[in-house]
$ cat model.txt   # compact mmCIF, C-alpha atoms
# COMPACT_ATOMS: atom_id res chain seq x y z
CA MET S 18 -22.84 13.60 27.15
CA ARG S 19 -22.80 16.97 25.38
CA ALA S 20 -24.72 17.11 22.13
CA VAL S 21 -26.06 19.71 19.74
CA THR S 22 -29.80 19.25 19.53
CA GLN S 23 -32.77 21.12 18.11
CA HIS S 24 -36.35 21.30 19.30
CA ALA S 25 -37.84 22.92 16.20
CA PHE S 26 -37.12 23.28 12.51
CA GLY S 27 -35.59 26.57 11.50
CA GLY S 28 -32.40 28.50 10.99
CA PRO S 29 -29.04 27.89 12.62
CA GLU S 30 -30.29 29.52 15.82
CA VAL S 31 -32.35 26.40 16.64
CA LEU S 32 -29.14 24.46 17.32
CA THR S 33 -28.38 24.34 21.04
CA VAL S 34 -26.02 22.37 23.26
CA ALA S 35 -27.69 20.00 25.72
CA ASP S 36 -26.82 17.13 28.06
CA LEU S 37 -28.20 13.82 26.80
CA PRO S 38 -27.84 10.22 28.00
CA ARG S 39 -24.81 8.40 26.62
CA PRO S 40 -25.92 5.64 24.22
CA VAL S 41 -25.23 1.97 24.91
CA PRO S 42 -24.11 -0.34 22.09
CA LEU S 43 -26.33 -3.27 21.18
CA PRO S 44 -24.91 -6.60 19.97
CA THR S 45 -22.82 -6.08 16.77
CA GLU S 46 -22.53 -2.36 17.57
CA VAL S 47 -19.69 -0.19 18.86
CA LEU S 48 -19.72 2.89 21.06
CA VAL S 49 -17.49 5.54 19.51
CA ARG S 50 -16.15 8.56 21.37
CA VAL S 51 -16.47 11.28 18.77
CA VAL S 52 -13.44 13.52 18.31
CA SER S 53 -14.64 15.33 15.17
CA ALA S 54 -17.85 15.45 13.15
CA GLY S 55 -18.28 16.58 9.56
CA VAL S 56 -20.88 19.14 8.51
CA ASN S 57 -22.71 18.52 5.23
CA PRO S 58 -25.37 20.32 3.15
CA VAL S 59 -27.90 17.63 4.10
CA ASP S 60 -27.46 18.70 7.73
CA LEU S 61 -28.54 22.24 6.86
CA LYS S 62 -31.53 21.06 4.85
CA THR S 63 -32.63 18.65 7.59
CA ARG S 64 -32.29 21.32 10.28
CA ALA S 65 -34.67 23.52 8.29
CA GLY S 66 -37.25 20.76 7.73
CA GLY S 67 -36.06 19.39 4.38
CA GLY S 68 -33.31 16.90 3.64
CA MET S 69 -33.76 13.83 5.84
CA ALA S 70 -36.33 15.45 8.13
CA GLY S 71 -38.98 13.11 6.75
CA VAL S 72 -36.88 10.17 7.94
CA LEU S 73 -35.92 11.61 11.32
CA GLY S 74 -39.41 12.90 12.10
CA GLU S 75 -40.25 15.89 14.24
CA PRO S 76 -37.59 17.37 16.55
CA PRO S 77 -35.97 16.97 18.97
CA PHE S 78 -33.08 15.16 17.32
CA VAL S 79 -29.32 15.38 16.98
CA LEU S 80 -27.95 16.12 13.52
CA GLY S 81 -24.85 14.76 11.81
CA TRP S 82 -23.63 11.61 10.10
CA ASP S 83 -19.87 12.09 9.63
CA VAL S 84 -17.85 10.68 12.54
CA SER S 85 -14.20 10.26 13.39
CA GLY S 86 -13.26 9.02 16.83
CA VAL S 87 -12.15 6.17 19.06
CA VAL S 88 -13.93 2.92 19.90
CA GLU S 89 -14.89 3.08 23.56
CA GLU S 90 -16.91 -0.12 23.91
CA VAL S 91 -17.84 -3.06 21.71
CA GLY S 92 -21.08 -5.01 21.80
CA PHE S 93 -21.43 -8.79 21.69
CA GLY S 94 -20.58 -10.22 18.28
CA VAL S 95 -18.17 -7.50 17.16
CA HIS S 96 -15.03 -9.06 15.70
CA THR S 97 -13.73 -6.40 13.32
CA LEU S 98 -12.97 -3.61 15.80
CA ALA S 99 -11.60 -3.37 19.34
CA VAL S 100 -11.58 -0.83 22.14
CA GLY S 101 -9.05 1.88 21.35
CA ASP S 102 -9.28 1.60 17.56
CA GLU S 103 -9.42 4.93 15.74
CA VAL S 104 -12.31 4.77 13.30
CA TYR S 105 -14.33 6.88 10.92
CA GLY S 106 -17.71 6.37 9.30
CA MET S 107 -21.12 7.57 8.16
CA PRO S 108 -23.37 5.40 10.33
CA TRP S 109 -27.10 4.85 9.91
CA PHE S 110 -27.69 7.29 7.03
CA PRO S 111 -30.43 8.35 6.36
CA ARG S 112 -31.63 7.36 9.84
CA ALA S 113 -30.39 9.46 12.75
CA ALA S 114 -26.75 8.91 13.69
CA GLY S 115 -26.42 11.85 16.07
CA ALA S 116 -22.84 12.75 15.12
CA TYR S 117 -23.00 16.22 16.71
CA ALA S 118 -22.38 14.60 20.09
CA GLU S 119 -19.63 13.18 22.28
CA TYR S 120 -20.69 9.56 21.63
CA VAL S 121 -22.47 7.58 18.94
CA THR S 122 -23.40 3.92 18.60
CA ALA S 123 -23.76 2.06 15.32
CA PRO S 124 -23.07 -1.31 13.69
CA ALA S 125 -19.35 -1.99 13.71
CA ARG S 126 -19.29 -2.72 9.98
CA GLN S 127 -20.50 0.79 9.17
CA PHE S 128 -17.11 2.07 10.36
CA ALA S 129 -13.58 1.55 9.09
CA ARG S 130 -10.20 2.23 10.61
CA LYS S 131 -9.19 5.85 10.24
CA PRO S 132 -6.56 6.42 7.54
CA ALA S 133 -3.10 6.22 9.08
CA GLY S 134 -1.46 9.61 9.43
CA LEU S 135 -4.72 11.52 9.00
CA GLY S 136 -6.05 13.63 11.87
CA HIS S 137 -9.59 13.27 13.15
CA ASP S 138 -10.67 16.60 11.65
CA GLU S 139 -9.63 15.47 8.18
CA ALA S 140 -11.06 11.97 8.69
CA ALA S 141 -14.42 13.42 9.75
CA ALA S 142 -14.53 15.35 6.48
CA LEU S 143 -14.34 12.14 4.44
CA PRO S 144 -17.21 9.70 4.95
CA LEU S 145 -20.42 11.16 3.52
CA ALA S 146 -18.76 13.23 0.81
CA ALA S 147 -16.17 10.66 -0.28
CA LEU S 148 -18.68 7.80 -0.18
CA THR S 149 -21.05 9.87 -2.30
CA ALA S 150 -18.36 10.43 -4.90
CA TRP S 151 -17.21 6.79 -4.80
CA GLN S 152 -20.68 5.29 -5.05
CA ILE S 153 -21.63 7.61 -7.93
CA LEU S 154 -18.50 7.00 -9.97
CA VAL S 155 -17.83 3.34 -9.17
CA ASP S 156 -21.15 1.74 -8.27
CA THR S 157 -23.65 3.85 -10.24
CA ALA S 158 -21.75 5.02 -13.31
CA GLY S 159 -19.04 2.34 -13.50
CA VAL S 160 -16.50 4.86 -14.76
CA THR S 161 -13.60 3.33 -16.67
CA ALA S 162 -10.29 4.61 -17.97
CA GLY S 163 -10.56 6.98 -20.91
CA GLN S 164 -14.09 8.16 -20.19
CA ARG S 165 -14.88 11.84 -19.83
CA VAL S 166 -16.39 12.95 -16.51
CA LEU S 167 -17.86 16.35 -15.67
CA VAL S 168 -18.17 17.33 -12.00
CA HIS S 169 -20.37 20.29 -11.13
CA ALA S 170 -19.44 22.17 -7.93
CA ALA S 171 -16.03 20.55 -8.19
CA GLY S 172 -14.57 22.64 -5.39
CA GLY S 173 -17.09 21.60 -2.75
CA GLY S 174 -17.11 18.74 -0.27
CA VAL S 175 -18.26 15.98 -2.61
CA GLY S 176 -16.85 17.66 -5.70
CA HIS S 177 -13.21 17.74 -4.70
CA PHE S 178 -13.36 14.02 -3.90
CA ALA S 179 -15.17 13.25 -7.17
CA VAL S 180 -12.42 14.97 -9.15
CA GLN S 181 -9.74 12.86 -7.48
CA ILE S 182 -11.62 9.57 -7.62
CA ALA S 183 -12.53 10.04 -11.29
CA LYS S 184 -8.88 10.75 -12.04
CA HIS S 185 -7.86 7.66 -10.03
CA LEU S 186 -10.19 5.63 -12.26
CA GLY S 187 -8.40 6.96 -15.34
CA ALA S 188 -11.02 9.40 -16.54
CA HIS S 189 -10.52 12.76 -18.25
CA VAL S 190 -11.97 15.12 -15.63
CA THR S 191 -13.64 18.49 -16.17
CA GLY S 192 -14.95 20.53 -13.24
CA THR S 193 -17.08 23.63 -12.88
CA ALA S 194 -16.08 26.06 -10.14
CA GLY S 195 -15.36 29.71 -9.46
CA ALA S 196 -12.06 31.01 -10.78
CA ALA S 197 -10.49 31.16 -7.31
CA LYS S 198 -10.57 27.35 -7.09
CA HIS S 199 -9.20 26.53 -10.54
CA ALA S 200 -5.50 26.19 -9.70
CA TRP S 201 -6.28 24.01 -6.68
CA LEU S 202 -8.59 21.74 -8.68
CA ARG S 203 -5.89 21.26 -11.30
CA GLU S 204 -3.55 20.21 -8.49
CA LEU S 205 -6.14 17.62 -7.48
CA GLY S 206 -6.16 16.21 -11.01
CA ALA S 207 -8.77 18.13 -13.00
CA ASP S 208 -7.80 18.26 -16.67
CA GLU S 209 -10.10 21.20 -17.40
CA VAL S 210 -11.93 23.68 -15.18
CA VAL S 211 -14.74 25.96 -16.34
CA ASP S 212 -15.75 29.12 -14.50
CA TYR S 213 -19.52 28.77 -14.29
CA THR S 214 -19.83 32.41 -13.18
CA GLY S 215 -18.37 33.75 -16.42
CA THR S 216 -19.63 31.36 -19.08
CA ARG S 217 -22.40 28.89 -19.84
CA PHE S 218 -20.66 25.56 -19.32
CA GLU S 219 -22.62 23.90 -22.13
CA LYS S 220 -20.95 26.25 -24.60
CA GLU S 221 -17.50 25.04 -23.49
CA ILE S 222 -18.02 21.32 -22.85
CA SER S 223 -19.19 18.38 -24.97
CA GLY S 224 -18.73 14.62 -25.41
CA ILE S 225 -19.11 13.81 -21.71
CA ASP S 226 -19.74 10.22 -20.61
CA VAL S 227 -20.78 10.93 -17.00
CA VAL S 228 -21.99 14.12 -15.35
CA VAL S 229 -21.78 14.24 -11.56
CA ASP S 230 -24.37 16.94 -10.87
CA LEU S 231 -23.93 18.32 -7.36
CA VAL S 232 -25.90 21.50 -8.11
CA GLY S 233 -29.29 20.46 -9.51
CA ASP S 234 -32.07 22.03 -11.50
CA GLU S 235 -32.99 24.28 -8.59
CA HIS S 236 -29.95 26.40 -9.47
CA ASP S 237 -30.05 27.76 -13.01
CA ALA S 238 -31.43 24.51 -14.46
CA THR S 239 -28.01 22.87 -14.14
CA SER S 240 -29.29 19.30 -14.56
CA THR S 241 -31.32 20.06 -17.66
CA ARG S 242 -28.54 22.09 -19.23
CA SER S 243 -26.09 19.26 -18.53
CA LEU S 244 -28.01 16.87 -20.78
CA SER S 245 -26.73 18.72 -23.81
CA VAL S 246 -23.07 18.02 -22.97
CA LEU S 247 -23.53 14.24 -22.77
CA ARG S 248 -22.60 11.95 -25.64
CA PRO S 249 -25.38 9.59 -26.84
CA GLY S 250 -26.02 7.07 -24.10
CA GLY S 251 -24.17 9.16 -21.51
CA LEU S 252 -25.30 9.35 -17.91
CA LEU S 253 -26.26 12.26 -15.65
CA VAL S 254 -26.30 11.43 -11.92
CA ALA S 255 -28.50 14.04 -10.26
CA VAL S 256 -27.74 14.36 -6.55
CA PRO S 257 -29.45 17.31 -4.80
CA SER S 258 -32.55 17.73 -6.98
CA GLY S 259 -33.07 14.16 -8.13
CA VAL S 260 -34.77 13.29 -11.40
CA SER S 261 -38.02 15.09 -12.14
CA PRO S 262 -40.46 13.74 -14.76
CA ALA S 263 -39.52 16.67 -16.98
CA LEU S 264 -35.80 15.91 -16.69
CA ALA S 265 -36.38 12.21 -17.41
CA GLU S 266 -38.46 13.04 -20.49
CA GLU S 267 -35.84 15.49 -21.79
CA ALA S 268 -33.15 12.85 -21.30
CA ARG S 269 -35.13 10.27 -23.27
CA ALA S 270 -35.65 12.76 -26.08
CA ARG S 271 -31.89 13.37 -26.25
CA GLY S 272 -30.91 9.70 -26.08
CA VAL S 273 -29.10 10.00 -22.75
CA ARG S 274 -29.67 8.56 -19.29
CA VAL S 275 -30.39 10.09 -15.89
CA ALA S 276 -30.24 8.57 -12.41
CA PRO S 277 -31.06 9.89 -8.94
CA PHE S 278 -28.70 9.12 -6.09
CA LEU S 279 -28.59 8.73 -2.32
CA VAL S 280 -25.47 7.64 -0.47
CA GLU S 281 -25.53 4.68 1.93
CA PRO S 282 -23.22 3.43 4.71
CA ASP S 283 -20.40 1.30 3.36
CA GLY S 284 -17.57 0.23 5.65
CA THR S 285 -15.87 -1.73 2.86
CA ALA S 286 -15.69 1.32 0.61
CA LEU S 287 -14.40 3.38 3.54
CA THR S 288 -11.53 0.92 3.89
CA THR S 289 -10.76 1.35 0.19
CA LEU S 290 -10.90 5.14 0.50
CA ALA S 291 -8.58 5.00 3.51
CA GLY S 292 -6.10 3.11 1.36
CA LEU S 293 -6.25 5.82 -1.30
CA VAL S 294 -5.56 8.45 1.35
CA GLU S 295 -2.64 6.49 2.76
CA ARG S 296 -1.12 6.09 -0.72
CA GLY S 297 -1.43 9.78 -1.44
CA ARG S 298 -4.12 9.30 -4.07
CA LEU S 299 -6.90 11.12 -2.21
CA ALA S 300 -6.42 14.45 -0.41
CA VAL S 301 -8.87 15.94 2.09
CA GLU S 302 -9.53 19.68 2.16
CA VAL S 303 -10.88 21.11 5.42
CA ALA S 304 -11.99 24.71 5.05
CA ALA S 305 -12.68 25.41 8.74
CA VAL S 306 -12.97 23.69 12.12
CA PHE S 307 -15.44 24.93 14.74
CA PRO S 308 -15.96 23.76 18.33
CA LEU S 309 -19.11 21.75 18.92
CA GLU S 310 -20.70 24.71 20.68
CA GLU S 311 -20.43 26.76 17.47
CA ALA S 312 -22.43 24.39 15.28
CA ALA S 313 -24.77 27.23 14.33
CA ARG S 314 -21.82 29.28 13.08
CA ALA S 315 -20.58 26.31 11.07
CA HIS S 316 -24.01 26.01 9.43
CA ARG S 317 -24.02 29.70 8.55
CA GLU S 318 -20.60 29.46 6.91
CA LEU S 319 -21.52 26.40 4.87
CA ALA S 320 -24.76 28.09 3.77
CA GLU S 321 -22.78 30.88 2.15
CA GLY S 322 -21.86 28.41 -0.58
CA ARG S 323 -18.22 29.40 -1.02
CA THR S 324 -16.59 26.66 1.06
CA ARG S 325 -13.50 24.99 -0.39
CA GLY S 326 -13.74 21.39 0.75
CA LYS S 327 -15.44 20.60 4.07
CA ILE S 328 -16.38 22.17 7.40
CA VAL S 329 -15.83 20.17 10.58
CA LEU S 330 -16.94 20.34 14.22
CA ARG S 331 -14.32 19.55 16.89
CA VAL S 332 -16.13 17.61 19.58
CA ALA S 333 -13.21 16.62 21.83
CA ASP S 334 -9.45 17.13 22.00
$ encode --input "model.txt" --output "structure tokens"
Amino acid sequence: MRAVTQHAFGGPEVLTVADLPRPVPLPTEVLVRVVSAGVNPVDLKTRAGGGMAGVLGEPPFVLGWDVSGVVEEVGFGVHTLAVGDEVYGMPWFPRAAGAYAEYVTAPARQFARKPAGLGHDEAAALPLAALTAWQILVDTAGVTAGQRVLVHAAGGGVGHFAVQIAKHLGAHVTGTAGAAKHAWLRELGADEVVDYTGTRFEKEISGIDVVVDLVGDEHDATSTRSLSVLRPGGLLVAVPSGVSPALAEEARARGVRVAPFLVEPDGTALTTLAGLVERGRLAVEVAAVFPLEEAARAHRELAEGRTRGKIVLRVAD
């Protein structure tokens, strides 16, 4: 099978197309023919030696966790899926899934049926980003109707799903994003949008119950600054930078809470998300689609940091 592999850590140029053996499903696993694969910031970090590189180990390896495709073969014990089913998922994370390839194998219950009426490119843009938003808002924060939620980087891959899911849960939603994305984010359900490039968000926002921080302290101390917008007892979920001892201490001093976060495979939640898509409650924004052979170009575009929604690799027609 064709796959994008790398033999060293580095820039996008380390990504090369190679022929690798097609995997074989074990009992309880399925073999999925990949049609499209999502590209995420963790892919870029891992390629360079950060991200999940400590889990994957030294190269060579195949990047990617977002998959949309067709079940080609089922292993013994699989009862939830059948050959020919169109599925999507985020298998194995943070272990290697190898989504930048023509085939992947993974436990059947880490996949769900692709949302009806949604193409593979759009479905491949969903799993990691939408599961991240869902697990933060539902499982970690337990957001309820009437609460106030702030989403940083609201126009990005995770952010645009977080805006919609928070609104679905009945929250009042504020997002930070560049001015060019404001009208679109309001269409997705944001009640307020703040241009982080023109103002200090903490001067405009207050009384927040939950901050979904998709930026982190590495960029202009976003996590630390966000503590000041939380109401007493409010929660900051820090995704890219995690919770440093200094951030935890500052949170305690202010009487608010902080939590790190890492997404995990969840076929049940994917089924729920598919239902939201099918009912028109969750829209998917795909900024660009590149052929598998142009994975390096896709990484360069995502690294520019101006993507609206997600970038996807087309693996097969």
$ closest_residue --input "model.txt" --among "S:Pro76, S:Gly250, S:Pro144, S:Pro308" --to "S:Ala268" --atoms "only C-alpha atoms"
S:Gly250
$ closest_residue --input "model.txt" --among "S:Arg126, S:Arg39, S:His137, S:Arg269" --to "S:Met107" --atoms "all atoms listed in the file"
S:Arg126
$ closest_residue --input "model.txt" --among "S:Glu204, S:Glu310, S:Glu235, S:Ala142" --to "S:Ala35" --atoms "only C-alpha atoms"
S:Glu310
$ atom_distance --input "model.txt" --atom1 "atom CA of S:Gly115" --atom2 "atom CA of S:Ala286"
21.6 Å
$ residues_around --input "model.txt" --residues "S:Gln23" --least-positions-apart "4" --cutoff "10 Å" --atoms "all atoms listed in the file" --output "number ranges by chain"
S: 27, 29-35, 64, 75-80
$ decode --input "model.txt" --residues "stretch 230-265 of chain S" --atoms "N, CA and C atoms" --output "PDB file, in the first residue's frame"
ATOM      1  N   ASP S 230      -9.245  26.383  26.176  1.00  0.00           N
ATOM      2  CA  ASP S 230      -8.021  27.058  25.739  1.00  0.00           C
ATOM      3  C   ASP S 230      -7.288  26.192  24.721  1.00  0.00           C
ATOM      4  N   LEU S 231      -7.403  26.583  23.457  1.00  0.00           N
ATOM      5  CA  LEU S 231      -6.756  25.854  22.367  1.00  0.00           C
ATOM      6  C   LEU S 231      -5.511  26.579  21.880  1.00  0.00           C
ATOM      7  N   VAL S 232      -5.028  27.530  22.680  1.00  0.00           N
ATOM      8  CA  VAL S 232      -3.844  28.319  22.323  1.00  0.00           C
ATOM      9  C   VAL S 232      -2.691  28.013  23.260  1.00  0.00           C
ATOM     10  N   GLY S 233      -2.890  28.210  24.565  1.00  0.00           N
ATOM     11  CA  GLY S 233      -1.880  27.856  25.554  1.00  0.00           C
ATOM     12  C   GLY S 233      -0.996  29.005  25.966  1.00  0.00           C
ATOM     13  N   ASP S 234      -0.271  28.777  27.046  1.00  0.00           N
ATOM     14  CA  ASP S 234       0.612  29.812  27.585  1.00  0.00           C
ATOM     15  C   ASP S 234       1.814  30.088  26.709  1.00  0.00           C
ATOM     16  N   GLU S 235       2.119  29.178  25.793  1.00  0.00           N
ATOM     17  CA  GLU S 235       3.256  29.394  24.904  1.00  0.00           C
ATOM     18  C   GLU S 235       3.028  30.584  23.980  1.00  0.00           C
ATOM     19  N   HIS S 236       1.769  30.955  23.775  1.00  0.00           N
ATOM     20  CA  HIS S 236       1.429  32.073  22.904  1.00  0.00           C
ATOM     21  C   HIS S 236       0.808  33.193  23.737  1.00  0.00           C
ATOM     22  N   ASP S 237       1.608  34.168  24.077  1.00  0.00           N
ATOM     23  CA  ASP S 237       1.136  35.369  24.760  1.00  0.00           C
ATOM     24  C   ASP S 237       0.432  35.056  26.072  1.00  0.00           C
ATOM     25  N   ALA S 238       0.897  34.033  26.776  1.00  0.00           N
ATOM     26  CA  ALA S 238       0.377  33.681  28.106  1.00  0.00           C
ATOM     27  C   ALA S 238      -1.147  33.565  28.115  1.00  0.00           C
ATOM     28  N   THR S 239      -1.700  32.955  27.071  1.00  0.00           N
ATOM     29  CA  THR S 239      -3.155  32.892  26.941  1.00  0.00           C
ATOM     30  C   THR S 239      -3.818  32.163  28.105  1.00  0.00           C
ATOM     31  N   SER S 240      -3.250  31.060  28.555  1.00  0.00           N
ATOM     32  CA  SER S 240      -3.854  30.317  29.667  1.00  0.00           C
ATOM     33  C   SER S 240      -3.884  31.158  30.932  1.00  0.00           C
ATOM     34  N   THR S 241      -2.759  31.738  31.280  1.00  0.00           N
ATOM     35  CA  THR S 241      -2.682  32.534  32.503  1.00  0.00           C
ATOM     36  C   THR S 241      -3.615  33.731  32.435  1.00  0.00           C
ATOM     37  N   ARG S 242      -3.643  34.406  31.314  1.00  0.00           N
ATOM     38  CA  ARG S 242      -4.532  35.553  31.167  1.00  0.00           C
ATOM     39  C   ARG S 242      -5.998  35.145  31.245  1.00  0.00           C
ATOM     40  N   SER S 243      -6.301  33.928  30.824  1.00  0.00           N
ATOM     41  CA  SER S 243      -7.689  33.468  30.831  1.00  0.00           C
ATOM     42  C   SER S 243      -8.221  33.249  32.234  1.00  0.00           C
ATOM     43  N   LEU S 244      -7.360  33.047  33.210  1.00  0.00           N
ATOM     44  CA  LEU S 244      -7.833  32.831  34.576  1.00  0.00           C
ATOM     45  C   LEU S 244      -8.635  34.020  35.085  1.00  0.00           C
ATOM     46  N   SER S 245      -8.259  35.204  34.615  1.00  0.00           N
ATOM     47  CA  SER S 245      -8.914  36.412  35.123  1.00  0.00           C
ATOM     48  C   SER S 245     -10.332  36.586  34.591  1.00  0.00           C
ATOM     49  N   VAL S 246     -10.709  35.855  33.546  1.00  0.00           N
ATOM     50  CA  VAL S 246     -12.073  36.005  33.007  1.00  0.00           C
ATOM     51  C   VAL S 246     -13.035  34.999  33.607  1.00  0.00           C
ATOM     52  N   LEU S 247     -12.528  34.052  34.390  1.00  0.00           N
ATOM     53  CA  LEU S 247     -13.373  33.024  34.987  1.00  0.00           C
ATOM     54  C   LEU S 247     -14.095  33.542  36.228  1.00  0.00           C
ATOM     55  N   ARG S 248     -15.315  33.121  36.415  1.00  0.00           N
ATOM     56  CA  ARG S 248     -16.029  33.384  37.658  1.00  0.00           C
ATOM     57  C   ARG S 248     -15.404  32.518  38.748  1.00  0.00           C
ATOM     58  N   PRO S 249     -15.637  32.814  40.029  1.00  0.00           N
ATOM     59  CA  PRO S 249     -15.127  31.940  41.098  1.00  0.00           C
ATOM     60  C   PRO S 249     -15.600  30.501  40.904  1.00  0.00           C
ATOM     61  N   GLY S 250     -14.668  29.582  40.963  1.00  0.00           N
ATOM     62  CA  GLY S 250     -14.981  28.173  40.761  1.00  0.00           C
ATOM     63  C   GLY S 250     -15.018  27.738  39.315  1.00  0.00           C
ATOM     64  N   GLY S 251     -14.823  28.681  38.381  1.00  0.00           N
ATOM     65  CA  GLY S 251     -14.829  28.351  36.964  1.00  0.00           C
ATOM     66  C   GLY S 251     -13.662  27.459  36.571  1.00  0.00           C
ATOM     67  N   LEU S 252     -13.731  26.927  35.370  1.00  0.00           N
ATOM     68  CA  LEU S 252     -12.762  25.924  34.923  1.00  0.00           C
ATOM     69  C   LEU S 252     -12.088  26.334  33.625  1.00  0.00           C
ATOM     70  N   LEU S 253     -10.764  26.250  33.602  1.00  0.00           N
ATOM     71  CA  LEU S 253      -9.961  26.409  32.387  1.00  0.00           C
ATOM     72  C   LEU S 253      -9.462  25.033  31.966  1.00  0.00           C
ATOM     73  N   VAL S 254      -9.792  24.601  30.757  1.00  0.00           N
ATOM     74  CA  VAL S 254      -9.256  23.354  30.208  1.00  0.00           C
ATOM     75  C   VAL S 254      -8.149  23.723  29.251  1.00  0.00           C
ATOM     76  N   ALA S 255      -6.914  23.373  29.617  1.00  0.00           N
ATOM     77  CA  ALA S 255      -5.720  23.786  28.875  1.00  0.00           C
ATOM     78  C   ALA S 255      -5.274  22.644  27.975  1.00  0.00           C
ATOM     79  N   VAL S 256      -5.399  22.833  26.651  1.00  0.00           N
ATOM     80  CA  VAL S 256      -5.151  21.728  25.725  1.00  0.00           C
ATOM     81  C   VAL S 256      -3.702  21.666  25.246  1.00  0.00           C
ATOM     82  N   PRO S 257      -3.185  22.649  24.480  1.00  0.00           N
ATOM     83  CA  PRO S 257      -1.858  22.431  23.908  1.00  0.00           C
ATOM     84  C   PRO S 257      -0.706  22.519  24.897  1.00  0.00           C
ATOM     85  N   SER S 258      -0.798  23.408  25.888  1.00  0.00           N
ATOM     86  CA  SER S 258       0.322  23.608  26.813  1.00  0.00           C
ATOM     87  C   SER S 258       0.183  22.833  28.107  1.00  0.00           C
ATOM     88  N   GLY S 259      -1.019  22.334  28.403  1.00  0.00           N
ATOM     89  CA  GLY S 259      -1.223  21.644  29.655  1.00  0.00           C
ATOM     90  C   GLY S 259      -1.241  22.605  30.828  1.00  0.00           C
ATOM     91  N   VAL S 260      -1.072  22.043  32.026  1.00  0.00           N
ATOM     92  CA  VAL S 260      -1.133  22.840  33.250  1.00  0.00           C
ATOM     93  C   VAL S 260       0.238  22.816  33.924  1.00  0.00           C
ATOM     94  N   SER S 261       0.920  23.931  33.878  1.00  0.00           N
ATOM     95  CA  SER S 261       2.220  24.055  34.539  1.00  0.00           C
ATOM     96  C   SER S 261       2.008  24.286  36.034  1.00  0.00           C
ATOM     97  N   PRO S 262       3.028  24.022  36.858  1.00  0.00           N
ATOM     98  CA  PRO S 262       2.896  24.334  38.290  1.00  0.00           C
ATOM     99  C   PRO S 262       2.545  25.794  38.539  1.00  0.00           C
ATOM    100  N   ALA S 263       3.112  26.691  37.730  1.00  0.00           N
ATOM    101  CA  ALA S 263       2.830  28.115  37.911  1.00  0.00           C
ATOM    102  C   ALA S 263       1.367  28.427  37.595  1.00  0.00           C
ATOM    103  N   LEU S 264       0.832  27.814  36.541  1.00  0.00           N
ATOM    104  CA  LEU S 264      -0.563  28.036  36.179  1.00  0.00           C
ATOM    105  C   LEU S 264      -1.489  27.469  37.261  1.00  0.00           C
ATOM    106  N   ALA S 265      -1.171  26.298  37.772  1.00  0.00           N
ATOM    107  CA  ALA S 265      -1.989  25.690  38.820  1.00  0.00           C
ATOM    108  C   ALA S 265      -1.995  26.552  40.074  1.00  0.00           C
TER     109      ALA S 265
END
